[in-house]
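Heads up: the structure comes next, in structure tokens.
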Amino acid sequence: MIRTIIIDDESLARDLIRAYLKKFEDIEVIQECGDGFQGLKAIQEHKPDLIFLDIQMPKITGFEMLELLEEPPVIIFSTAFDQYAIKAFELNATDYLLKPYAEQRFTEAVEKAKQKIGTKKVVKEELESLQETRAESDESLDRIVVKTGNKIQILSLESISHFEAQDDYVAIHSEQGKFLKLMRMKHLENKLPTGEFVRIHRSHIVNVKQIEKLELYEKDSYLLHLKTGNRLPVSRSGHGRLKEVLKY
Amino acid sequence: MNHPFIRNKNIIIYTIIWLVISTLFAFALFFFYDFEPRIAAIDSLVFNGIFYGLGLSYWFNVRYSSFEKSQMLNLVISHVAALVISIALAVFLSQSVLRRIPSDEEYSVFLKDSIPWRAALGLMYYSIIILVYYLILYYDDVNQKMKERSQLETMLKSSELEMLKSQINPHFIFNSLNSIASLTIISPEKAREMVVKVSEFLRYSLGKENDQMNTVEDELNNIILYLDIEKVRFGDRLAIEKEVAKDCLSSTLPNLILQPIFENAIKHGIYESLEKVTIKLKTWQDQNILKIEVSNQFDPNAVGKKGKGIGLKNVSERLRLIYGVSQLVFTEKTDNLFTVRLDIPQIATEV
């Protein structure tokens, strides 16, 4: 039996998926969720084989929810209109349904998903390449969702003073505390709004509004003081970028 | 604005032109008056050299005297004054320098006789240089205007595009169609109803010209359609309260001006919240002004996704272009309530 969860904030959209799924005797809908929070909880609790996931939802989006999952199930995205997301889908193997979709198209997606169930590695790789494509798109970030234990926190960019690379993770220093998130500095740098954040060093990105002063402490080498009291090294190319953004 | 003869190495061209004039001048003295080449050259260099310097200074007279009609007299006075001063200066300076050149009697006589035509030549130099300055100013002005115009055109185009985009949100259309697909299975009757509503909404929204004025009644009917459709999608999550004064139903407003405002209310209210959200609409007439107030609850804890304010900015810009008044959109934000008010002037129709 394939266990599935439907995550969509519109009940009619969930009803439709449920109705289309009726003819699949080997698929069981174990829960329906109306937002990403609920979805995350349900996935962690039930460990489903397959999920149907909408992208635009209250609280956190479908993508943000996925970022918090360590072992994602097989996913069929179902979304109406999101230029960046659709582009990302088109470039990757992950399956997606564009609302409204035909029953035949739905059936194809489910058949494809069925073959993938159990191949955890494929699922993870597909998802990673999808996230990577999204990271390279022009869509800019306006918040970051993090998880500590069972608690989900949504950090606004304004509340973040700086990012620090730590191996495969990025440490996010914000008013709410320090959080670790699996992501790459390069992607992060791309996605942050230009002019508001600057990469001052291979392993540091700072919020421009949090800069207190720039100190020259050796020839050609600078130290950046943040309002939070942190002092961060500035590389030569980082200094160039800083100059450009602060226009001095 | 910098000096046109000095910018972009123009000074080189200016200098070359004067060197040519000086050479011709010297040759004229040499051929027609039979002066020694040395004297002809010195005379030419001194006299034309003075105008070389004066010519550069004329710019300030051109640049800083305006061409407005009321200032015409001032303009004439300033040019006549500059002309008289520069001729007097040129003649006096050249005479006093050239008199000191050791030369023959013939040249001294010539020097005295030359005063009238030197003055005439000065007048010619002045006129030509001023004319060139005005041509440059005019050319710069035309260039500047063309640049501004193309900028304006691109701005207009992008705002028109934004307006078209904001009129109907594709996300809304596709999700509505998906709801219909779902209803055909669950409740075919409701699906039919929804198809009719979406069609009516589209017919109204697509059929209107941008500059059209509509009655409050028509516009509100369309908004109600829109909200009804969203209600089918979101069910109990969306509640609507409306309070419309009867005397403003026939007032007019630009078509679809309310659409982006309600879309915002839905977007920030419903799309980002799990709770039930109430959208309130209130319209009333205050003398010659139609007032429309739209408020929506929002989740104060929602982070990010602030929107870029393009919708409201477009509404404000459209109203400014139509009515020529800049402050017609007012917004207010409290803990969990966002309110927008539009003041739509009702233009008196009497002849």
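All residue names refer to the structure tokens as shown: chains lettered A, B, ... in order, residues numbered from 1 in each chain, ligands numbered from 1 in order.
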
Show me, as JSON lines, the residues of range 81-179 of chain B having an atom within 9 Å of range 184-195 of chain B, each with the closest atom pair and its distance in Å, using only C-alpha atoms.
{"residue": "B:Ser176", "atom": "CA", "partner": "B:Met194", "partner_atom": "CA", "distance": 8.4}
{"residue": "B:Leu177", "atom": "CA", "partner": "B:Val195", "partner_atom": "CA", "distance": 8.1}
{"residue": "B:Ser179", "atom": "CA", "partner": "B:Ala191", "partner_atom": "CA", "distance": 8.1}

Need the shell around range 238-250 of chain B: protein/DNA/RNA residues with any atom at most 10 Å away, counting only C-alpha atoms. Skip same-chain ones fewer than 2 positions apart. Format as a compact mmCIF listing (two decimals) with N, CA and C atoms, in the first residue's frame?
# COMPACT_ATOMS: atom_id res chain seq x y z
N ASN B 214 -16.53 54.18 -14.99
CA ASN B 214 -17.71 53.37 -14.74
C ASN B 214 -18.42 53.84 -13.49
N THR B 215 -19.66 53.39 -13.34
CA THR B 215 -20.39 53.75 -12.13
C THR B 215 -19.94 52.86 -10.98
N VAL B 216 -20.14 53.35 -9.78
CA VAL B 216 -19.80 52.59 -8.59
C VAL B 216 -20.56 51.26 -8.60
N GLU B 217 -21.81 51.33 -9.05
CA GLU B 217 -22.63 50.13 -9.07
C GLU B 217 -21.98 49.01 -9.91
N ASP B 218 -21.58 49.38 -11.13
CA ASP B 218 -20.96 48.38 -12.01
C ASP B 218 -19.66 47.83 -11.43
N GLU B 219 -18.84 48.74 -10.96
CA GLU B 219 -17.54 48.32 -10.42
C GLU B 219 -17.71 47.42 -9.21
N LEU B 220 -18.65 47.80 -8.34
CA LEU B 220 -18.84 46.99 -7.14
C LEU B 220 -19.41 45.62 -7.48
N ILE B 224 -17.75 42.19 -6.34
CA ILE B 224 -18.50 41.16 -5.60
C ILE B 224 -18.35 39.81 -6.31
N LEU B 227 -14.98 38.50 -5.43
CA LEU B 227 -14.94 37.99 -4.06
C LEU B 227 -15.72 36.67 -3.93
N ASP B 228 -16.82 36.57 -4.67
CA ASP B 228 -17.60 35.33 -4.67
C ASP B 228 -16.76 34.15 -5.16
N GLU B 230 -13.50 33.95 -5.12
CA GLU B 230 -12.49 33.64 -4.10
C GLU B 230 -13.12 32.89 -2.93
N LYS B 231 -14.37 33.20 -2.65
CA LYS B 231 -15.06 32.52 -1.54
C LYS B 231 -15.27 31.05 -1.85
N VAL B 232 -15.51 30.76 -3.11
CA VAL B 232 -15.65 29.35 -3.48
C VAL B 232 -14.32 28.64 -3.23
N ARG B 233 -13.22 29.35 -3.55
CA ARG B 233 -11.91 28.74 -3.37
C ARG B 233 -11.56 28.58 -1.90
N PHE B 234 -11.84 29.61 -1.11
CA PHE B 234 -11.34 29.59 0.26
C PHE B 234 -12.39 29.27 1.31
N GLY B 235 -13.64 29.17 0.86
CA GLY B 235 -14.70 28.77 1.79
C GLY B 235 -14.82 29.69 2.98
N ASP B 236 -14.87 29.10 4.16
CA ASP B 236 -15.10 29.87 5.38
C ASP B 236 -13.96 30.79 5.76
N THR B 252 -18.98 58.06 -10.34
CA THR B 252 -18.12 57.35 -11.29
C THR B 252 -16.70 57.21 -10.75
N LEU B 253 -16.03 56.20 -11.26
CA LEU B 253 -14.62 55.98 -10.93
C LEU B 253 -13.93 55.28 -12.09
N ILE B 266 -6.87 40.26 -0.48
CA ILE B 266 -6.95 38.79 -0.50
C ILE B 266 -5.56 38.19 -0.31
N GLY B 269 -4.29 39.08 3.18
CA GLY B 269 -5.20 38.55 4.19
C GLY B 269 -5.27 37.04 4.11
N ILE B 270 -5.87 36.55 3.04
CA ILE B 270 -6.17 35.12 2.95
C ILE B 270 -4.95 34.26 2.63
N GLU B 275 -6.26 31.72 9.63
CA GLU B 275 -7.49 32.09 10.33
C GLU B 275 -8.50 32.66 9.34
N LYS B 276 -9.68 32.84 9.84
CA LYS B 276 -10.72 33.48 9.05
C LYS B 276 -10.38 34.97 8.90
N VAL B 277 -10.54 35.48 7.70
CA VAL B 277 -10.21 36.87 7.45
C VAL B 277 -11.45 37.60 6.93
N THR B 278 -11.71 38.77 7.52
CA THR B 278 -12.85 39.56 7.05
C THR B 278 -12.35 40.75 6.23
N ILE B 279 -12.94 40.91 5.07
CA ILE B 279 -12.63 42.07 4.24
C ILE B 279 -13.83 43.00 4.30
N LYS B 280 -13.57 44.27 4.66
CA LYS B 280 -14.68 45.22 4.78
C LYS B 280 -14.61 46.25 3.67
N LEU B 281 -15.77 46.56 3.12
CA LEU B 281 -15.85 47.58 2.09
C LEU B 281 -16.85 48.63 2.53
N LYS B 282 -16.46 49.89 2.44
CA LYS B 282 -17.38 50.94 2.84
C LYS B 282 -17.25 52.07 1.82
N THR B 283 -18.39 52.54 1.29
CA THR B 283 -18.30 53.69 0.39
C THR B 283 -19.30 54.73 0.83
N TRP B 284 -18.93 55.97 0.70
CA TRP B 284 -19.85 57.06 0.99
C TRP B 284 -19.44 58.30 0.21
N GLN B 285 -20.40 59.22 0.14
CA GLN B 285 -20.18 60.44 -0.63
C GLN B 285 -19.92 61.59 0.33
N ASP B 286 -18.84 62.30 0.13
CA ASP B 286 -18.56 63.45 0.98
C ASP B 286 -18.46 64.66 0.06
N ILE B 289 -16.70 64.41 -3.27
CA ILE B 289 -15.71 63.33 -3.28
C ILE B 289 -16.33 62.00 -2.90
N LEU B 290 -16.07 61.02 -3.76
CA LEU B 290 -16.52 59.66 -3.47
C LEU B 290 -15.43 58.98 -2.65
N LYS B 291 -15.84 58.47 -1.47
CA LYS B 291 -14.83 57.83 -0.62
C LYS B 291 -15.07 56.33 -0.59
N ILE B 292 -14.00 55.59 -0.81
CA ILE B 292 -14.09 54.13 -0.80
C ILE B 292 -13.02 53.59 0.15
N GLU B 293 -13.48 52.83 1.12
CA GLU B 293 -12.53 52.32 2.10
C GLU B 293 -12.56 50.79 2.08
N VAL B 294 -11.38 50.20 1.98
CA VAL B 294 -11.28 48.73 1.97
C VAL B 294 -10.32 48.33 3.07
N SER B 295 -10.77 47.45 3.95
CA SER B 295 -9.84 47.01 4.99
C SER B 295 -9.81 45.50 5.07
N ASN B 296 -8.66 44.99 5.43
CA ASN B 296 -8.54 43.54 5.59
C ASN B 296 -7.72 43.22 6.84

Set the cut-off to 8 Å and count only C-alpha atoms: what are the residues of chain B that reach chain A? Output as a CSV table (one decimal) with N, CA and C atoms, in the first residue's frame.
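Result written to selection_25.csv:
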chain,number,residue,atom,x,y,z
B,170,PRO,N,-2.9,35.8,-12.9
B,170,PRO,CA,-3.0,34.5,-13.5
B,170,PRO,C,-3.2,33.4,-12.4
B,171,HIS,N,-2.6,33.6,-11.3
B,171,HIS,CA,-2.7,32.7,-10.2
B,171,HIS,C,-4.2,32.5,-9.9
B,174,PHE,N,-6.1,30.5,-12.8
B,174,PHE,CA,-5.8,29.1,-12.9
B,174,PHE,C,-6.4,28.3,-11.7
B,175,ASN,N,-6.2,28.9,-10.5
B,175,ASN,CA,-6.8,28.3,-9.3
B,175,ASN,C,-8.3,28.2,-9.4
B,177,LEU,N,-10.1,28.0,-12.1
B,177,LEU,CA,-10.4,26.9,-13.1
B,177,LEU,C,-10.2,25.5,-12.4
B,178,ASN,N,-9.2,25.4,-11.6
B,178,ASN,CA,-9.0,24.1,-10.9
B,178,ASN,C,-10.1,23.8,-9.9
B,179,SER,N,-10.6,24.9,-9.3
B,179,SER,CA,-11.7,24.7,-8.4
B,179,SER,C,-13.0,24.2,-9.2
B,181,ALA,N,-12.9,22.5,-11.9
B,181,ALA,CA,-12.6,21.1,-12.3
B,181,ALA,C,-13.0,20.2,-11.1
B,182,SER,N,-12.7,20.6,-9.9
B,182,SER,CA,-13.0,19.8,-8.7
B,182,SER,C,-14.5,19.8,-8.5
B,183,LEU,N,-15.2,20.9,-8.7
B,183,LEU,CA,-16.6,21.0,-8.4
B,183,LEU,C,-17.4,20.1,-9.4
B,185,ILE,N,-16.9,17.3,-10.2
B,185,ILE,CA,-17.0,15.9,-9.6
B,185,ILE,C,-17.9,16.0,-8.3
B,233,ARG,N,-13.2,29.3,-3.6
B,233,ARG,CA,-11.9,28.7,-3.4
B,233,ARG,C,-11.6,28.6,-1.9
B,234,PHE,N,-11.8,29.6,-1.1
B,234,PHE,CA,-11.3,29.6,0.3
B,234,PHE,C,-12.4,29.3,1.3
B,270,ILE,N,-5.9,36.6,3.0
B,270,ILE,CA,-6.2,35.1,2.9
B,270,ILE,C,-5.0,34.3,2.6
B,271,TYR,N,-4.2,34.7,1.6
B,271,TYR,CA,-3.1,33.8,1.2
B,271,TYR,C,-2.1,33.5,2.3
B,272,GLU,N,-2.0,34.5,3.2
B,272,GLU,CA,-0.9,34.3,4.2
B,272,GLU,C,-1.5,34.0,5.6
B,273,SER,N,-2.7,33.7,5.7
B,273,SER,CA,-3.3,33.4,7.0
B,273,SER,C,-4.1,32.1,7.0
B,274,LEU,N,-4.1,31.5,8.2
B,274,LEU,CA,-4.8,30.2,8.4
B,274,LEU,C,-6.2,30.5,9.0
B,302,ALA,N,3.0,37.1,10.2
B,302,ALA,CA,3.5,36.6,8.9
B,302,ALA,C,4.8,37.4,8.6
B,303,VAL,N,5.8,36.6,8.3
B,303,VAL,CA,7.1,37.2,8.0
B,303,VAL,C,7.4,37.3,6.5
B,304,GLY,N,8.0,38.3,6.1
B,304,GLY,CA,8.4,38.5,4.7
B,304,GLY,C,7.1,38.5,3.8
B,305,LYS,N,7.3,38.2,2.5
B,305,LYS,CA,6.2,38.3,1.6
B,305,LYS,C,5.4,39.6,1.7

Report task. Just the residues within 6 Å of range 203-216 of chain A, please, counting only C-alpha atoms, with nothing from its chain fewer than 3 positions along; format it as a ChimeraX atom specification. Result -> /A:161-165,196-200,222-227

Can you spit out the residues from that selection as a compact mmCIF listing (two decimals), in the first residue's frame, using C-alpha atoms?
# COMPACT_ATOMS: atom_id res chain seq x y z
CA SER A 161 22.85 40.44 10.91
CA HIS A 162 25.12 38.05 9.03
CA PHE A 163 25.65 34.59 7.58
CA GLU A 164 28.66 32.46 8.24
CA ALA A 165 29.76 29.41 6.27
CA GLU A 196 21.05 44.91 1.25
CA PHE A 197 23.54 42.11 1.79
CA VAL A 198 27.22 41.94 0.85
CA ARG A 199 29.58 39.04 0.76
CA ILE A 200 32.63 40.44 2.49
CA TYR A 222 40.08 45.32 6.89
CA LEU A 223 37.93 44.34 9.84
CA LEU A 224 34.20 44.99 9.76
CA HIS A 225 32.43 45.88 12.99
CA LEU A 226 28.74 45.02 13.20
CA LYS A 227 26.19 46.69 15.46

Query raised in the report: Which residue out of A:Glu103, A:Glu70, A:Glu139, A:Glu128 has the minimum interatomic distance to Gln44 in chain A when only C-alpha atoms are used?
Result: A:Glu70

Report summary line: A straight line from CA of Ile344 in chain B to CA of Leu256 in chain B spans 13.3 Å

**Report entry** One-decimal distance in Å that lies between CA of Ser94 in chain B and CA of Thr23 in chain B
**Finding:**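 About the pair CA of Thr23 in chain B and CA of Ser94 in chain B: they are 17.0 Å apart.
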
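Separating CA of Val91 in chain B from CA of Ser22 in chain B is a distance of 16.1 Å.
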
Report task. Taking the DSSP assignment computed from this structure's backbone, write out as a PyMOL selection string all residues of range 7-236 of chain A that belong to strand (DSSP E). Result -> chain A and resi 7+27-33+50-53+74-79+95-98+143-148+151-156+160-166+169-174+177-182+197-201+204-207+211-218+221-226+231-234

Requested in this report: Considering only C-alpha atoms, return as a list of chain:residue names whatever protein or nucleic-acid residues lie within 8 Å of range 167-171 of chain A, sequence-local ones (same chain, fewer than 4 positions apart) excluded.
Outcome: A:Phe163, A:Lys178, A:Phe179, A:Leu180, A:Lys181, A:Leu182, A:Met183, A:Arg184, A:Met185

Could those selected residues go to a file with N, CA and C atoms, as a CSV table (one decimal), in the first residue's frame?
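Wrote it out as out_38.csv, contents follow:
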chain,number,residue,atom,x,y,z
A,163,PHE,N,25.6,36.0,7.8
A,163,PHE,CA,25.6,34.6,7.6
A,163,PHE,C,27.1,34.2,7.6
A,178,LYS,N,21.0,32.1,16.8
A,178,LYS,CA,21.8,31.5,15.7
A,178,LYS,C,21.2,30.2,15.3
A,179,PHE,N,21.1,30.0,13.9
A,179,PHE,CA,20.5,28.8,13.4
A,179,PHE,C,21.4,28.3,12.3
A,180,LEU,N,21.4,26.9,12.2
A,180,LEU,CA,22.2,26.3,11.1
A,180,LEU,C,21.2,25.8,10.1
A,181,LYS,N,21.6,26.0,8.8
A,181,LYS,CA,20.8,25.5,7.8
A,181,LYS,C,21.6,25.0,6.7
A,182,LEU,N,21.2,23.8,6.1
A,182,LEU,CA,22.0,23.2,5.0
A,182,LEU,C,21.8,24.0,3.7
A,183,MET,N,22.8,24.8,3.3
A,183,MET,CA,22.7,25.5,2.1
A,183,MET,C,24.1,26.0,1.7
A,184,ARG,N,24.2,26.5,0.5
A,184,ARG,CA,25.5,27.0,0.0
A,184,ARG,C,25.6,28.5,0.0
A,185,MET,N,26.8,29.0,0.4
A,185,MET,CA,27.0,30.4,0.4
A,185,MET,C,26.7,31.1,-1.0

Query - Residue set, range 156-274 of chain B restricted to helix (DSSP H, G or I), as JSON, numbers by chain - result: {"B": [156, 157, 158, 159, 160, 161, 162, 163, 164, 165, 166, 167, 170, 171, 172, 173, 174, 175, 176, 177, 178, 179, 180, 181, 182, 183, 184, 185, 186, 188, 189, 190, 191, 192, 193, 194, 195, 196, 197, 198, 199, 200, 201, 202, 203, 204, 205, 206, 216, 217, 218, 219, 220, 221, 222, 223, 224, 225, 226, 227, 228, 229, 230, 231, 232, 233, 234, 235, 236, 237, 246, 247, 248, 259, 260, 261, 262, 263, 264, 265, 266, 267, 268, 269, 270, 271]}
